[in-house]
Amino acid sequence: MRVLIRTEVLKLRTIRGPWLVLAVGPLLVIAGISGLVVSGANLHDPQTQAKALAHVGLTAIFALAFGILAVAGEYRHKTITDTYLSTPERGRVIGAKLVVYAAFCIPAALVSTSVGLGVAAAWWSAKGVPFAWGDTAMWTTIGGGVAWNAAFAAIGVGLGALIRNLTAAIAAALAWIALVEGIVAQLIGNLARWLPFYAGQSLGAGGKAMLPEPLLPRWGAALVLAAYAAAFAASAITTSIRRDVS
Amino acid sequence: MNGGITVAGLTKRYGPVTAVDGLTFTVEPGQVTGFLGPNGAGKTTTLRMLLGLVAPTAGSALIGGQRYAELAEPRQVVGAVLEATGFHPDRTGRDHLRVIACSAGIQRSRVDQVLDRVGLTDAADRRVRGYSLGMRQRLGLAAALLGDPWVLILDEPGNGLDPAGLAELRDLLRGLAGDGRTVLMSSHVLSEVAQTVDHVIIIAGGTLRHVGKLSELTGTQGETLEAAFLRLTSDLTRPAGAAAPAGN
């Protein structure tokens with residue numbers, strides 16, 4: 001497994017695409033926090049800091065795309081053939097990708113966090129409001145956001161291995177987040193909080209930041225996302241073992 | 001167990017379509033064996049089944065008596081060139097080989113050796129995006145040689161090579177076979193095959209049409225390889241599976 005992990009890291013180090021995807025995260029955080037302030041959020045409200053840093057969690061969308069690249073990107077460029085020629089045990093390849101891609105999203109989310117804290121502190125100071133560095137709600141929001149990133153990267157790896165077509169996988173993921181989950185949520189009412197993007201928001205967006213419904217507690221959301229990641233990983237591994245690579 | 005390839009009753013069906021139909025043949029070490037057939041004959045599917053990428057519907061495809069997936073160090077046993085497009089365009093040629101070396105536990109010094117062997121040293125640090133088809137083919141060949149394997153499986157390795165490249169490929173493959181390695185190459189460029197291979201396996205419509213020495217095929221009746229190939233693969237003059245393959 002160590003060889004496989006080293007190989008996946010080397011693959012990532014020798015191409016640019018996945019890094020460009022991750023680099024969008026901090027930009028989204030800058031824009032999101034600035035947007036919150038410019039649109040007139042009350043900086044004296046103690047919840048506003050957590051709300052601002054909840055944007056770290058939202059970068060999980062890019063972690064999802066990053067994860068999709070792991071397997072679907074290899075199909076796109078047909079490098080999957082060489083990968084499986086070196087390692088015929090395909091389940092171990094997927095397993096190594098899950099570990100590496102989820103792990104890479106943690107430092108990426110920490111970069112987004114640093115950028116977010118810097119931008120928020122600058123805005124607060126520009127508006128003459130002291131920035132509470134010890135605010136617990138803000139730090140738990142950040143912690144949940146980082147975990148959300150790792151979970152979505154793992155889900156992305158599974159999704160990419162299941163769909164294999166890179167464009168279709170990215171389109172399906174974005175459509176789910178932007179549209180489908182909202183429609184499904186309306187149909188199933190209170191059960192909506194068990195859906196992956198709702199669970200992600202419970203984990204990383206402060207629990208009440210954006211949604212009116214009663215959301216899962218943070219630990220519950222973490223378990224739900226872990227279960228999604230495990231389910232996607234398991235089906236990705238079983239289908240990858242069975243399918244022909246041609 | 002020898003270092004050869006043993007295919008027995010190998011069959012692949014995609015729904016109602018039978019791509020490979022009960023193929024049985026062996027490939028011996030120490031010679032270059034050409035794997036010939038018209039487009040759609042099932043050559044690539046057969047090679048992919050040998051390499052564990054496609055699961056057979058029935059039958060077996062063994063390398064040195066083992067299935068590919070059972071090989072402990074597959075890259076050190078089998079080198080394969082499958083398609084000229086299997087590279088990430090952003091990756092340099094050298095990095096492509098480093099990734100494979102890393103995944104297979106092959107020393108990094110081998111990367112420089114195989115780059116030199118295929119004449120790609122000067123282009124090694126350029127991104128594959130800018131490679132010509134011939135350069136990609138050379139890079140694929142370098143990847144196949146990385147593990148110093150004793151079996152080489154090559155799907156249309158001559159595609160995109162210029163005449164000098166083809167001559168180099170021919171010398172390389174003959175040299176590898178001369179070392180006692182097993183070399184199986186598919187091709188539909190018969191003039192290239194005629195100068196490179198010792199043995200031929202001819203398939204059409206997923207079924208075996210001929211196995212034997214090239215000299216037997218072209219020698220006895222004074223036929224050219226092309227004439228023999230067309231006779232053996234044309235179903236108008238010879239119904240599928242009607243003849244027992246010679247020399248099997």
# chains A, B, ... in the order shown; residues from 1 in each chain; ligands from 1

call {"tool": "closest_atom_pairs", "arguments": {"of": "chain B", "to": "chain A", "cutoff": "7 Å", "atoms": "only C-alpha atoms", "output": "tab-separated table"}}
result
residue	atom	partner	partner_atom	distance
B:Leu53	CA	A:Val245	CA	5.1
B:Val54	CA	A:Asp244	CA	4.4
B:Ala55	CA	A:Asp244	CA	6.3
B:Ala69	CA	A:Pro88	CA	5.3
B:Pro74	CA	A:Ser86	CA	6.4
B:Arg75	CA	A:Ser86	CA	6.0
B:Thr85	CA	A:Lys78	CA	6.7
B:Gly86	CA	A:Lys78	CA	4.4
B:Phe87	CA	A:Thr79	CA	5.6
B:His88	CA	A:His77	CA	5.5
B:Asp90	CA	A:Ile15	CA	5.5
B:Arg91	CA	A:Ile15	CA	5.6
B:Asp95	CA	A:Thr14	CA	6.5
B:Val99	CA	A:Thr7	CA	6.0
B:Cys102	CA	A:Thr7	CA	5.7
B:Ser103	CA	A:Thr7	CA	5.4
B:Ala104	CA	A:Ser86	CA	5.6

call {"tool": "write_last_selection", "arguments": {"atoms": "N, CA, C and O atoms", "output": "mmCIF file, in the first residue's frame"}}
result
data_model
loop_
_atom_site.group_PDB
_atom_site.id
_atom_site.type_symbol
_atom_site.label_atom_id
_atom_site.label_comp_id
_atom_site.auth_asym_id
_atom_site.auth_seq_id
_atom_site.Cartn_x
_atom_site.Cartn_y
_atom_site.Cartn_z
ATOM 1 N N LEU B 53 -6.851 -7.050 -18.361
ATOM 2 C CA LEU B 53 -7.651 -5.823 -18.414
ATOM 3 C C LEU B 53 -9.088 -6.110 -18.796
ATOM 4 O O LEU B 53 -10.000 -5.377 -18.426
ATOM 5 N N VAL B 54 -9.272 -7.175 -19.566
ATOM 6 C CA VAL B 54 -10.605 -7.602 -19.986
ATOM 7 C C VAL B 54 -10.794 -9.023 -19.474
ATOM 8 O O VAL B 54 -9.896 -9.864 -19.622
ATOM 9 N N ALA B 55 -11.931 -9.276 -18.842
ATOM 10 C CA ALA B 55 -12.186 -10.607 -18.282
ATOM 11 C C ALA B 55 -12.739 -11.527 -19.363
ATOM 12 O O ALA B 55 -13.707 -11.174 -20.038
ATOM 13 N N ALA B 69 -3.039 -11.478 -13.397
ATOM 14 C CA ALA B 69 -3.340 -10.961 -12.055
ATOM 15 C C ALA B 69 -2.628 -11.750 -10.967
ATOM 16 O O ALA B 69 -2.511 -11.280 -9.838
ATOM 17 N N PRO B 74 4.201 -8.053 -11.975
ATOM 18 C CA PRO B 74 3.810 -8.156 -13.389
ATOM 19 C C PRO B 74 4.697 -7.361 -14.345
ATOM 20 O O PRO B 74 4.994 -7.813 -15.442
ATOM 21 N N ARG B 75 5.133 -6.169 -13.917
ATOM 22 C CA ARG B 75 5.955 -5.340 -14.816
ATOM 23 C C ARG B 75 7.326 -5.957 -15.087
ATOM 24 O O ARG B 75 7.951 -5.644 -16.084
ATOM 25 N N THR B 85 -2.206 6.526 -26.921
ATOM 26 C CA THR B 85 -2.845 7.674 -26.288
ATOM 27 C C THR B 85 -2.859 7.590 -24.771
ATOM 28 O O THR B 85 -3.431 8.437 -24.125
ATOM 29 N N GLY B 86 -2.230 6.578 -24.197
ATOM 30 C CA GLY B 86 -2.330 6.385 -22.752
ATOM 31 C C GLY B 86 -1.388 7.219 -21.918
ATOM 32 O O GLY B 86 -0.723 6.684 -21.042
ATOM 33 N N PHE B 87 -1.314 8.507 -22.225
ATOM 34 C CA PHE B 87 -0.420 9.379 -21.469
ATOM 35 C C PHE B 87 -1.179 10.620 -21.018
ATOM 36 O O PHE B 87 -2.047 11.098 -21.729
ATOM 37 N N HIS B 88 -0.815 11.132 -19.845
ATOM 38 C CA HIS B 88 -1.390 12.413 -19.457
ATOM 39 C C HIS B 88 -0.641 13.503 -20.214
ATOM 40 O O HIS B 88 0.582 13.579 -20.134
ATOM 41 N N ASP B 90 -0.082 16.546 -19.765
ATOM 42 C CA ASP B 90 0.709 17.500 -18.975
ATOM 43 C C ASP B 90 1.983 16.897 -18.417
ATOM 44 O O ASP B 90 2.850 17.610 -17.927
ATOM 45 N N ARG B 91 2.057 15.573 -18.437
ATOM 46 C CA ARG B 91 3.188 14.916 -17.796
ATOM 47 C C ARG B 91 4.347 14.832 -18.805
ATOM 48 O O ARG B 91 4.113 14.619 -19.994
ATOM 49 N N ASP B 95 8.575 11.779 -16.498
ATOM 50 C CA ASP B 95 7.679 11.598 -15.349
ATOM 51 C C ASP B 95 6.709 10.430 -15.560
ATOM 52 O O ASP B 95 6.368 9.715 -14.616
ATOM 53 N N VAL B 99 6.487 7.429 -12.872
ATOM 54 C CA VAL B 99 5.259 6.959 -12.219
ATOM 55 C C VAL B 99 5.173 5.430 -12.317
ATOM 56 O O VAL B 99 4.898 4.747 -11.325
ATOM 57 N N CYS B 102 7.804 3.775 -10.144
ATOM 58 C CA CYS B 102 7.399 3.852 -8.736
ATOM 59 C C CYS B 102 6.340 2.794 -8.430
ATOM 60 O O CYS B 102 6.436 2.068 -7.436
ATOM 61 N N SER B 103 5.344 2.683 -9.318
ATOM 62 C CA SER B 103 4.243 1.757 -9.056
ATOM 63 C C SER B 103 4.698 0.304 -9.095
ATOM 64 O O SER B 103 4.069 -0.563 -8.494
ATOM 65 N N ALA B 104 5.786 0.038 -9.811
ATOM 66 C CA ALA B 104 6.208 -1.359 -9.985
ATOM 67 C C ALA B 104 7.464 -1.691 -9.178
ATOM 68 O O ALA B 104 8.013 -2.785 -9.327
#

call {"tool": "select_by_dssp", "arguments": {"residues": "stretch 6-242 of chain A", "states": "alpha helix (DSSP H)", "output": "PyMOL selection string"}}
result
chain A and resi 6-13+17-38+47-53+55-58+60-76+80-86+90-126+136-163+166-175+181-188+196-204+218-242

call {"tool": "residues_around", "arguments": {"residues": "stretch 156-165 of chain A", "least_positions_apart": "2", "cutoff": "10 Å", "atoms": "only C-alpha atoms", "output": "PyMOL selection string"}}
result
chain A and resi 61-76+94-95+97-99+101-102+150-154+167-173+228-240

call {"tool": "residues_around", "arguments": {"residues": "B:Thr46", "least_positions_apart": "5", "cutoff": "9 Å", "atoms": "only C-alpha atoms", "output": "short mmCIF file (atom, residue, chain, number, x, y, z; two decimals) with C-alpha atoms, in the first residue's frame"}}
result
data_model
loop_
_atom_site.label_atom_id
_atom_site.label_comp_id
_atom_site.auth_asym_id
_atom_site.auth_seq_id
_atom_site.Cartn_x
_atom_site.Cartn_y
_atom_site.Cartn_z
CA LEU B 10 -10.29 -18.09 -24.97
CA THR B 11 -13.67 -16.50 -25.60
CA LYS B 12 -15.10 -13.03 -25.11
CA ALA B 19 -15.43 -10.83 -30.26
CA VAL B 20 -13.11 -13.74 -29.55
CA LEU B 23 -8.93 -19.16 -29.43
CA LEU B 51 -3.04 -8.63 -19.62
CA VAL B 54 -10.60 -7.60 -19.99
CA PRO B 56 -12.67 -13.62 -20.59
CA ALA B 61 -4.88 -16.77 -21.15
CA GLY B 206 -12.49 -13.94 -33.43
#

call {"tool": "decode", "arguments": {"residues": "stretch 111-122 of chain B", "atoms": "all heavy atoms", "output": "PDB file, in the first residue's frame"}}
result
ATOM      1  N   VAL B 111      14.833   4.315 -15.707  1.00  0.00           N
ATOM      2  CA  VAL B 111      14.113   5.299 -16.529  1.00  0.00           C
ATOM      3  C   VAL B 111      15.052   5.886 -17.573  1.00  0.00           C
ATOM      4  O   VAL B 111      14.726   5.936 -18.765  1.00  0.00           O
ATOM      5  CB  VAL B 111      13.504   6.402 -15.635  1.00  0.00           C
ATOM      6  CG1 VAL B 111      12.973   7.557 -16.476  1.00  0.00           C
ATOM      7  CG2 VAL B 111      12.387   5.828 -14.763  1.00  0.00           C
ATOM      8  N   ASP B 112      16.239   6.302 -17.143  1.00  0.00           N
ATOM      9  CA  ASP B 112      17.201   6.874 -18.085  1.00  0.00           C
ATOM     10  C   ASP B 112      17.653   5.840 -19.110  1.00  0.00           C
ATOM     11  O   ASP B 112      17.838   6.148 -20.289  1.00  0.00           O
ATOM     12  CB  ASP B 112      18.413   7.426 -17.329  1.00  0.00           C
ATOM     13  CG  ASP B 112      18.031   8.628 -16.481  1.00  0.00           C
ATOM     14  OD1 ASP B 112      17.132   9.385 -16.914  1.00  0.00           O
ATOM     15  OD2 ASP B 112      18.595   8.806 -15.390  1.00  0.00           O
ATOM     16  N   GLN B 113      17.824   4.599 -18.639  1.00  0.00           N
ATOM     17  CA  GLN B 113      18.275   3.544 -19.554  1.00  0.00           C
ATOM     18  C   GLN B 113      17.271   3.305 -20.678  1.00  0.00           C
ATOM     19  O   GLN B 113      17.648   3.224 -21.847  1.00  0.00           O
ATOM     20  CB  GLN B 113      18.500   2.235 -18.794  1.00  0.00           C
ATOM     21  CG  GLN B 113      19.732   2.238 -17.887  1.00  0.00           C
ATOM     22  CD  GLN B 113      19.800   0.982 -17.025  1.00  0.00           C
ATOM     23  OE1 GLN B 113      19.176  -0.030 -17.323  1.00  0.00           O
ATOM     24  NE2 GLN B 113      20.560   1.051 -15.934  1.00  0.00           N
ATOM     25  N   VAL B 114      15.990   3.195 -20.319  1.00  0.00           N
ATOM     26  CA  VAL B 114      15.008   2.888 -21.375  1.00  0.00           C
ATOM     27  C   VAL B 114      14.770   4.106 -22.267  1.00  0.00           C
ATOM     28  O   VAL B 114      14.522   3.956 -23.474  1.00  0.00           O
ATOM     29  CB  VAL B 114      13.676   2.340 -20.810  1.00  0.00           C
ATOM     30  CG1 VAL B 114      13.890   0.988 -20.148  1.00  0.00           C
ATOM     31  CG2 VAL B 114      12.996   3.311 -19.879  1.00  0.00           C
ATOM     32  N   LEU B 115      14.874   5.310 -21.698  1.00  0.00           N
ATOM     33  CA  LEU B 115      14.751   6.509 -22.536  1.00  0.00           C
ATOM     34  C   LEU B 115      15.841   6.503 -23.597  1.00  0.00           C
ATOM     35  O   LEU B 115      15.592   6.804 -24.771  1.00  0.00           O
ATOM     36  CB  LEU B 115      14.869   7.770 -21.668  1.00  0.00           C
ATOM     37  CG  LEU B 115      13.604   8.184 -20.908  1.00  0.00           C
ATOM     38  CD1 LEU B 115      13.933   9.252 -19.867  1.00  0.00           C
ATOM     39  CD2 LEU B 115      12.533   8.693 -21.866  1.00  0.00           C
ATOM     40  N   ASP B 116      17.024   6.141 -23.180  1.00  0.00           N
ATOM     41  CA  ASP B 116      18.142   6.077 -24.105  1.00  0.00           C
ATOM     42  C   ASP B 116      17.911   4.983 -25.146  1.00  0.00           C
ATOM     43  O   ASP B 116      18.152   5.170 -26.340  1.00  0.00           O
ATOM     44  CB  ASP B 116      19.431   5.809 -23.306  1.00  0.00           C
ATOM     45  CG  ASP B 116      20.660   5.914 -24.177  1.00  0.00           C
ATOM     46  OD1 ASP B 116      20.785   6.936 -24.880  1.00  0.00           O
ATOM     47  OD2 ASP B 116      21.472   4.968 -24.188  1.00  0.00           O
ATOM     48  N   ARG B 117      17.394   3.856 -24.676  1.00  0.00           N
ATOM     49  CA  ARG B 117      17.213   2.706 -25.571  1.00  0.00           C
ATOM     50  C   ARG B 117      16.219   2.989 -26.695  1.00  0.00           C
ATOM     51  O   ARG B 117      16.379   2.497 -27.801  1.00  0.00           O
ATOM     52  CB  ARG B 117      16.736   1.501 -24.746  1.00  0.00           C
ATOM     53  CG  ARG B 117      16.583   0.244 -25.549  1.00  0.00           C
ATOM     54  CD  ARG B 117      17.248  -0.925 -24.863  1.00  0.00           C
ATOM     55  NE  ARG B 117      17.294  -2.090 -25.729  1.00  0.00           N
ATOM     56  CZ  ARG B 117      17.221  -3.334 -25.271  1.00  0.00           C
ATOM     57  NH1 ARG B 117      17.101  -3.559 -23.981  1.00  0.00           N
ATOM     58  NH2 ARG B 117      17.281  -4.353 -26.104  1.00  0.00           N
ATOM     59  N   VAL B 118      15.202   3.800 -26.409  1.00  0.00           N
ATOM     60  CA  VAL B 118      14.223   4.110 -27.459  1.00  0.00           C
ATOM     61  C   VAL B 118      14.529   5.451 -28.129  1.00  0.00           C
ATOM     62  O   VAL B 118      13.743   5.922 -28.956  1.00  0.00           O
ATOM     63  CB  VAL B 118      12.771   4.111 -26.921  1.00  0.00           C
ATOM     64  CG1 VAL B 118      12.425   2.762 -26.303  1.00  0.00           C
ATOM     65  CG2 VAL B 118      12.558   5.235 -25.916  1.00  0.00           C
ATOM     66  N   GLY B 119      15.639   6.075 -27.746  1.00  0.00           N
ATOM     67  CA  GLY B 119      16.042   7.320 -28.402  1.00  0.00           C
ATOM     68  C   GLY B 119      15.173   8.507 -28.041  1.00  0.00           C
ATOM     69  O   GLY B 119      14.867   9.353 -28.885  1.00  0.00           O
ATOM     70  N   LEU B 120      14.762   8.581 -26.776  1.00  0.00           N
ATOM     71  CA  LEU B 120      13.856   9.655 -26.360  1.00  0.00           C
ATOM     72  C   LEU B 120      14.490  10.566 -25.309  1.00  0.00           C
ATOM     73  O   LEU B 120      13.809  11.429 -24.745  1.00  0.00           O
ATOM     74  CB  LEU B 120      12.569   9.027 -25.801  1.00  0.00           C
ATOM     75  CG  LEU B 120      11.226   9.702 -26.053  1.00  0.00           C
ATOM     76  CD1 LEU B 120      11.035  10.035 -27.517  1.00  0.00           C
ATOM     77  CD2 LEU B 120      10.085   8.822 -25.560  1.00  0.00           C
ATOM     78  N   THR B 121      15.787  10.391 -25.077  1.00  0.00           N
ATOM     79  CA  THR B 121      16.446  11.142 -23.996  1.00  0.00           C
ATOM     80  C   THR B 121      16.284  12.655 -24.175  1.00  0.00           C
ATOM     81  O   THR B 121      15.979  13.365 -23.215  1.00  0.00           O
ATOM     82  CB  THR B 121      17.942  10.773 -23.945  1.00  0.00           C
ATOM     83  OG1 THR B 121      18.026   9.352 -23.794  1.00  0.00           O
ATOM     84  CG2 THR B 121      18.642  11.439 -22.785  1.00  0.00           C
ATOM     85  N   ASP B 122      16.455  13.137 -25.389  1.00  0.00           N
ATOM     86  CA  ASP B 122      16.411  14.585 -25.609  1.00  0.00           C
ATOM     87  C   ASP B 122      15.025  15.176 -25.358  1.00  0.00           C
ATOM     88  O   ASP B 122      14.897  16.344 -25.005  1.00  0.00           O
ATOM     89  CB  ASP B 122      16.856  14.917 -27.045  1.00  0.00           C
ATOM     90  CG  ASP B 122      18.350  14.669 -27.221  1.00  0.00           C
ATOM     91  OD1 ASP B 122      19.052  14.583 -26.194  1.00  0.00           O
ATOM     92  OD2 ASP B 122      18.798  14.548 -28.380  1.00  0.00           O
TER      93      ASP B 122
END
